[in-house]
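Peer 1: Next comes upload_22.txt, compact mmCIF, N, CA and C atoms and all ligand atoms:
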# COMPACT_ATOMS: atom_id res chain seq x y z
N MET A 188 -4.88 -6.39 -0.91
CA MET A 188 -5.81 -7.31 -0.25
C MET A 188 -7.01 -7.59 -1.15
N ALA A 189 -7.40 -8.82 -1.18
CA ALA A 189 -8.55 -9.19 -2.02
C ALA A 189 -9.84 -8.64 -1.42
N GLN A 190 -10.74 -8.33 -2.29
CA GLN A 190 -12.00 -7.76 -1.84
C GLN A 190 -12.96 -8.89 -1.47
N ILE A 191 -12.72 -9.47 -0.32
CA ILE A 191 -13.56 -10.58 0.13
C ILE A 191 -14.85 -10.03 0.72
N PHE A 192 -15.93 -10.66 0.35
CA PHE A 192 -17.22 -10.31 0.94
C PHE A 192 -17.44 -11.17 2.17
N THR A 193 -18.12 -10.62 3.13
CA THR A 193 -18.56 -11.42 4.26
C THR A 193 -20.08 -11.40 4.29
N VAL A 194 -20.67 -12.59 4.30
CA VAL A 194 -22.13 -12.65 4.33
C VAL A 194 -22.58 -13.36 5.60
N THR A 195 -23.78 -13.05 6.01
CA THR A 195 -24.36 -13.68 7.18
C THR A 195 -25.43 -14.67 6.73
N CYS A 196 -25.38 -15.86 7.29
CA CYS A 196 -26.34 -16.90 6.94
C CYS A 196 -27.72 -16.54 7.50
N PRO A 197 -28.76 -16.59 6.67
CA PRO A 197 -30.10 -16.27 7.16
C PRO A 197 -30.65 -17.35 8.10
N ALA A 198 -30.06 -18.53 8.08
CA ALA A 198 -30.58 -19.61 8.91
C ALA A 198 -29.95 -19.62 10.29
N CYS A 199 -28.61 -19.54 10.37
CA CYS A 199 -27.95 -19.68 11.66
C CYS A 199 -27.23 -18.41 12.09
N ARG A 200 -27.24 -17.40 11.23
CA ARG A 200 -26.61 -16.11 11.53
C ARG A 200 -25.10 -16.20 11.65
N GLY A 201 -24.52 -17.29 11.17
CA GLY A 201 -23.07 -17.33 11.12
C GLY A 201 -22.60 -16.50 9.94
N SER A 202 -21.45 -15.85 10.07
CA SER A 202 -20.93 -15.07 8.96
C SER A 202 -19.67 -15.74 8.43
N PHE A 203 -19.53 -15.68 7.11
CA PHE A 203 -18.39 -16.35 6.49
C PHE A 203 -17.98 -15.57 5.25
N PRO A 204 -16.72 -15.69 4.85
CA PRO A 204 -16.23 -14.94 3.70
C PRO A 204 -16.61 -15.59 2.39
N VAL A 205 -16.85 -14.76 1.39
CA VAL A 205 -17.19 -15.24 0.06
C VAL A 205 -16.25 -14.58 -0.94
N HIS A 206 -15.71 -15.37 -1.84
CA HIS A 206 -14.82 -14.81 -2.84
C HIS A 206 -15.62 -13.93 -3.80
N PRO A 207 -15.08 -12.78 -4.14
CA PRO A 207 -15.80 -11.84 -5.01
C PRO A 207 -16.18 -12.43 -6.37
N GLU A 208 -15.40 -13.38 -6.86
CA GLU A 208 -15.76 -13.99 -8.15
C GLU A 208 -17.05 -14.79 -8.03
N LEU A 209 -17.18 -15.49 -6.90
CA LEU A 209 -18.42 -16.22 -6.67
C LEU A 209 -19.58 -15.24 -6.52
N TRP A 210 -19.26 -14.14 -5.86
CA TRP A 210 -20.28 -13.13 -5.64
C TRP A 210 -20.78 -12.60 -6.97
N GLN A 211 -19.86 -12.24 -7.84
CA GLN A 211 -20.26 -11.65 -9.11
C GLN A 211 -20.98 -12.64 -9.99
N ALA A 212 -20.64 -13.92 -9.84
CA ALA A 212 -21.32 -14.95 -10.64
C ALA A 212 -22.72 -15.24 -10.09
N ARG A 213 -23.01 -14.71 -8.92
CA ARG A 213 -24.32 -14.84 -8.30
C ARG A 213 -24.70 -16.30 -8.03
N TYR A 214 -23.70 -17.09 -7.69
CA TYR A 214 -24.01 -18.45 -7.25
C TYR A 214 -24.74 -18.41 -5.92
N ASP A 215 -25.52 -19.44 -5.67
CA ASP A 215 -26.05 -19.60 -4.33
C ASP A 215 -24.89 -19.88 -3.38
N LEU A 216 -25.02 -19.41 -2.17
CA LEU A 216 -23.95 -19.58 -1.19
C LEU A 216 -24.27 -20.75 -0.29
N LEU A 217 -23.20 -21.40 0.17
CA LEU A 217 -23.36 -22.55 1.06
C LEU A 217 -22.78 -22.18 2.42
N CYS A 218 -23.62 -22.22 3.43
CA CYS A 218 -23.15 -21.88 4.77
C CYS A 218 -22.27 -23.00 5.31
N PRO A 219 -21.06 -22.67 5.75
CA PRO A 219 -20.15 -23.70 6.28
C PRO A 219 -20.55 -24.18 7.67
N PHE A 220 -21.47 -23.46 8.30
CA PHE A 220 -21.84 -23.82 9.67
C PHE A 220 -23.03 -24.76 9.72
N CYS A 221 -24.10 -24.41 8.99
CA CYS A 221 -25.31 -25.22 9.07
C CYS A 221 -25.64 -25.89 7.74
N GLY A 222 -24.89 -25.59 6.69
CA GLY A 222 -25.10 -26.25 5.41
C GLY A 222 -26.23 -25.69 4.59
N ALA A 223 -26.79 -24.57 5.01
CA ALA A 223 -27.89 -23.97 4.26
C ALA A 223 -27.38 -23.38 2.95
N MET A 224 -28.18 -23.54 1.91
CA MET A 224 -27.87 -22.87 0.66
C MET A 224 -28.85 -21.73 0.48
N PHE A 225 -28.34 -20.59 0.10
CA PHE A 225 -29.23 -19.45 -0.06
C PHE A 225 -28.66 -18.50 -1.10
N PRO A 226 -29.52 -17.81 -1.84
CA PRO A 226 -29.05 -16.78 -2.75
C PRO A 226 -28.41 -15.66 -1.95
N GLN A 227 -27.36 -15.12 -2.47
CA GLN A 227 -26.59 -14.13 -1.70
C GLN A 227 -27.44 -12.95 -1.26
N GLU A 228 -28.42 -12.59 -2.06
CA GLU A 228 -29.22 -11.42 -1.70
C GLU A 228 -30.22 -11.72 -0.59
N GLU A 229 -30.27 -12.97 -0.14
CA GLU A 229 -31.13 -13.27 1.00
C GLU A 229 -30.35 -13.21 2.31
N SER A 230 -29.11 -12.85 2.24
CA SER A 230 -28.33 -12.70 3.46
C SER A 230 -28.82 -11.49 4.26
N PRO A 231 -28.99 -11.67 5.56
CA PRO A 231 -29.44 -10.53 6.38
C PRO A 231 -28.38 -9.44 6.51
N LEU A 232 -27.13 -9.82 6.30
CA LEU A 232 -26.08 -8.80 6.39
C LEU A 232 -24.93 -9.15 5.45
N ILE A 233 -24.60 -8.20 4.60
CA ILE A 233 -23.50 -8.37 3.67
C ILE A 233 -22.47 -7.28 3.98
N VAL A 234 -21.23 -7.69 4.14
CA VAL A 234 -20.17 -6.71 4.30
C VAL A 234 -19.29 -6.81 3.07
N THR A 235 -19.20 -5.74 2.32
CA THR A 235 -18.43 -5.77 1.08
C THR A 235 -16.95 -5.58 1.39
N GLY A 236 -16.13 -5.77 0.38
CA GLY A 236 -14.70 -5.62 0.55
C GLY A 236 -14.30 -4.24 0.99
N SER A 237 -15.11 -3.26 0.68
CA SER A 237 -14.78 -1.88 1.08
C SER A 237 -15.34 -1.54 2.46
N GLY A 238 -15.97 -2.53 3.11
CA GLY A 238 -16.43 -2.31 4.47
C GLY A 238 -17.87 -1.83 4.56
N GLU A 239 -18.52 -1.73 3.41
CA GLU A 239 -19.93 -1.31 3.42
C GLU A 239 -20.79 -2.45 3.96
N LYS A 240 -21.72 -2.12 4.83
CA LYS A 240 -22.62 -3.13 5.39
C LYS A 240 -24.03 -2.85 4.91
N ARG A 241 -24.68 -3.90 4.46
CA ARG A 241 -26.06 -3.73 4.02
C ARG A 241 -26.74 -5.10 4.05
N PRO A 242 -28.07 -5.10 4.16
CA PRO A 242 -28.79 -6.36 4.04
C PRO A 242 -28.94 -6.71 2.57
N GLY A 243 -29.10 -7.99 2.27
CA GLY A 243 -29.36 -8.40 0.90
C GLY A 243 -30.69 -7.85 0.43
N SER A 244 -30.77 -7.56 -0.86
CA SER A 244 -31.99 -6.90 -1.36
C SER A 244 -33.20 -7.82 -1.30
N ALA A 245 -32.96 -9.13 -1.19
CA ALA A 245 -34.08 -10.06 -1.14
C ALA A 245 -34.38 -10.52 0.28
N TYR A 246 -33.63 -9.99 1.23
CA TYR A 246 -33.86 -10.40 2.61
C TYR A 246 -35.16 -9.81 3.13
N LYS A 247 -36.01 -10.68 3.69
CA LYS A 247 -37.34 -10.23 4.08
C LYS A 247 -37.50 -10.10 5.58
N GLY A 248 -36.46 -10.33 6.31
CA GLY A 248 -36.57 -10.25 7.76
C GLY A 248 -36.39 -8.84 8.26
N GLU A 249 -35.99 -8.75 9.50
CA GLU A 249 -35.73 -7.44 10.07
C GLU A 249 -34.34 -7.00 9.65
N ALA A 250 -34.29 -6.33 8.53
CA ALA A 250 -33.01 -5.99 7.93
C ALA A 250 -32.27 -4.94 8.73
N ALA A 251 -32.96 -3.88 8.99
CA ALA A 251 -32.32 -2.78 9.70
C ALA A 251 -33.19 -2.43 10.89
N PRO A 252 -32.61 -1.78 11.85
CA PRO A 252 -33.43 -1.30 12.96
C PRO A 252 -34.60 -0.48 12.42
N SER A 253 -35.79 -0.84 12.82
CA SER A 253 -36.95 -0.14 12.28
C SER A 253 -36.96 1.30 12.79
N PRO A 254 -37.52 2.17 12.01
CA PRO A 254 -37.61 3.56 12.43
C PRO A 254 -38.37 3.67 13.75
N GLU A 255 -38.06 4.68 14.46
CA GLU A 255 -38.64 4.81 15.80
C GLU A 255 -40.16 4.72 15.77
N ARG A 256 -40.61 3.80 16.58
CA ARG A 256 -42.08 3.68 16.68
C ARG A 256 -42.44 3.81 18.16
N ASP A 257 -43.28 4.74 18.44
CA ASP A 257 -43.65 4.99 19.82
C ASP A 257 -44.97 4.30 20.11
N PRO A 258 -44.92 3.24 20.90
CA PRO A 258 -46.16 2.50 21.20
C PRO A 258 -47.15 3.33 21.98
N SER A 259 -46.68 4.34 22.65
CA SER A 259 -47.61 5.18 23.43
C SER A 259 -48.29 6.21 22.55
N ALA A 260 -48.02 6.14 21.22
CA ALA A 260 -48.64 7.11 20.32
C ALA A 260 -50.16 6.97 20.33
N THR A 261 -50.62 5.72 20.52
CA THR A 261 -52.05 5.54 20.66
C THR A 261 -52.44 5.95 22.08
N ALA A 262 -53.13 7.03 22.18
CA ALA A 262 -53.47 7.56 23.49
C ALA A 262 -54.46 6.65 24.19
N GLU A 263 -53.88 5.77 25.03
CA GLU A 263 -54.77 4.84 25.71
C GLU A 263 -54.99 5.28 27.15
N SER A 264 -53.90 5.68 27.80
CA SER A 264 -54.04 6.13 29.18
C SER A 264 -54.26 7.65 29.21
N MET A 265 -55.06 8.06 30.12
CA MET A 265 -55.33 9.49 30.19
C MET A 265 -54.94 10.05 31.57
ZN ZN B 301 -25.90 -21.21 8.45
Could I get this structure in the form of structure tokens?
Ligand SMILES: [Zn+2]
Peer 2:
Amino acid sequence: MAQIFTVTCPACRGSFPVHPELWQARYDLLCPFCGAMFPQEESPLIVTGSGEKRPGSAYKGEAAPSPERDPSATAESM
């Protein structure tokens, strides 16, 4: 089986497969759903051919669930 990458569009969140040769050439990707062009590392979610999931290194949004933050940490109520 070919090692197809699956990337998620940062604009519409649609996911689509990318050929590994395109991936290695680091071409900008074209979303088939909304037509957005974006560098692959701006994808919010990349699934590699081996099943690894990670956000693109240039993605600036909410990439992963943020570490636990307790809003009640600020002692407001007594
Ligand atoms: Zn899109």
Peer 1: Any idea what the distance is between atom C of Arg200 of chain A and atom N of Gln227 of chain A?
Peer 2: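 So the two atoms, atom C of Arg200 of chain A and atom N of Gln227 of chain A, lie 14.3 Å apart.
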Peer 1: What residues of the protein or nucleic acid chains come within 9 Å of ligand ZN 301 (chain B) when you use only C-alpha atoms and all ligand atoms? Reply as a PyMOL selection string.
Peer 2: chain A and resi 195-202+217-224
Peer 1: Go ahead and write the residues just picked, N, CA and C atoms, as a JSON list (two decimals), in the coordinates of the input.
Peer 2:
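Now in part-v7.json:
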[["chain", "number", "residue", "atom", "x", "y", "z"],
["A", 195, "THR", "N", -23.78, -13.05, 6.01],
["A", 195, "THR", "CA", -24.36, -13.68, 7.18],
["A", 195, "THR", "C", -25.43, -14.67, 6.73],
["A", 196, "CYS", "N", -25.38, -15.86, 7.29],
["A", 196, "CYS", "CA", -26.34, -16.90, 6.94],
["A", 196, "CYS", "C", -27.72, -16.54, 7.50],
["A", 197, "PRO", "N", -28.76, -16.59, 6.67],
["A", 197, "PRO", "CA", -30.10, -16.27, 7.16],
["A", 197, "PRO", "C", -30.65, -17.35, 8.10],
["A", 198, "ALA", "N", -30.06, -18.53, 8.08],
["A", 198, "ALA", "CA", -30.58, -19.61, 8.91],
["A", 198, "ALA", "C", -29.95, -19.62, 10.29],
["A", 199, "CYS", "N", -28.61, -19.54, 10.37],
["A", 199, "CYS", "CA", -27.95, -19.68, 11.66],
["A", 199, "CYS", "C", -27.23, -18.41, 12.09],
["A", 200, "ARG", "N", -27.24, -17.40, 11.23],
["A", 200, "ARG", "CA", -26.61, -16.11, 11.53],
["A", 200, "ARG", "C", -25.10, -16.20, 11.65],
["A", 201, "GLY", "N", -24.52, -17.29, 11.17],
["A", 201, "GLY", "CA", -23.07, -17.33, 11.12],
["A", 201, "GLY", "C", -22.60, -16.50, 9.94],
["A", 202, "SER", "N", -21.45, -15.85, 10.07],
["A", 202, "SER", "CA", -20.93, -15.07, 8.96],
["A", 202, "SER", "C", -19.67, -15.74, 8.43],
["A", 217, "LEU", "N", -23.20, -21.40, 0.17],
["A", 217, "LEU", "CA", -23.36, -22.55, 1.06],
["A", 217, "LEU", "C", -22.78, -22.18, 2.42],
["A", 218, "CYS", "N", -23.62, -22.22, 3.43],
["A", 218, "CYS", "CA", -23.15, -21.88, 4.77],
["A", 218, "CYS", "C", -22.27, -23.00, 5.31],
["A", 219, "PRO", "N", -21.06, -22.67, 5.75],
["A", 219, "PRO", "CA", -20.15, -23.70, 6.28],
["A", 219, "PRO", "C", -20.55, -24.18, 7.67],
["A", 220, "PHE", "N", -21.47, -23.46, 8.30],
["A", 220, "PHE", "CA", -21.84, -23.82, 9.67],
["A", 220, "PHE", "C", -23.03, -24.76, 9.72],
["A", 221, "CYS", "N", -24.10, -24.41, 8.99],
["A", 221, "CYS", "CA", -25.31, -25.22, 9.07],
["A", 221, "CYS", "C", -25.64, -25.89, 7.74],
["A", 222, "GLY", "N", -24.89, -25.59, 6.69],
["A", 222, "GLY", "CA", -25.10, -26.25, 5.41],
["A", 222, "GLY", "C", -26.23, -25.69, 4.59],
["A", 223, "ALA", "N", -26.79, -24.57, 5.01],
["A", 223, "ALA", "CA", -27.89, -23.97, 4.26],
["A", 223, "ALA", "C", -27.38, -23.38, 2.95],
["A", 224, "MET", "N", -28.18, -23.54, 1.91],
["A", 224, "MET", "CA", -27.87, -22.87, 0.66],
["A", 224, "MET", "C", -28.85, -21.73, 0.48]]
Peer 1: For Glu228 of chain A, find every residue with an atom within 7 Å (counting only C-alpha atoms), except residues of its own chain fewer than 5 positions away, and show them as a PyMOL selection string.
Peer 2: chain A and resi 243-246
Peer 1: Figure out the distance between atom N of Gln190 of chain A and atom CA of Gly248 of chain A, please, to one decimal in Å.
Peer 2: 27.8 Å
Peer 1: Just the number, please: distance in Å from atom CA of Tyr214 of chain A to atom CA of Gly236 of chain A, one decimal.
Peer 2: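 That distance, rounded to one decimal, is 17.7 Å.
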Peer 1: Which neighbours of Phe192 of chain A fall inside 8 Å, counting only C-alpha atoms, when residues of the same chain fewer than 3 positions from it are skipped, and could you give them as a ChimeraX atom specification?
Peer 2: /A:204-207,210,233-236
Peer 1: Could you please write out, as an NGL selection string, every residue of segment 199-239 of chain A that DSSP assigns to strand (DSSP E)?
Peer 2: :A and (202-205 or 216-217 or 224-225 or 233-234)
Peer 1: Compare A:Asp215, A:Phe203, A:Lys247, A:Ile191 by their minimum atom-to-atom distance to Pro231 of chain A, counting all atoms listed in the file, and give me the closest one.
Peer 2: A:Lys247
Peer 1: Quick one: axis-aligned box around all listed atoms of segment 227-243 of chain A, 4 Å on every side, centre and edge lengths in Å to one decimal, written as lines of an AutoDock Vina configuration file.
Peer 2:
center_x = -22.7
center_y = -8.2
center_z = 2.0
size_x = 24.8
size_y = 21.8
size_z = 17.0
Peer 1: Which of segment 192-229 of chain A end up as alpha helix (DSSP H) when DSSP is run on this backbone - answer as a PyMOL selection string?
Peer 2: chain A and resi 207-212
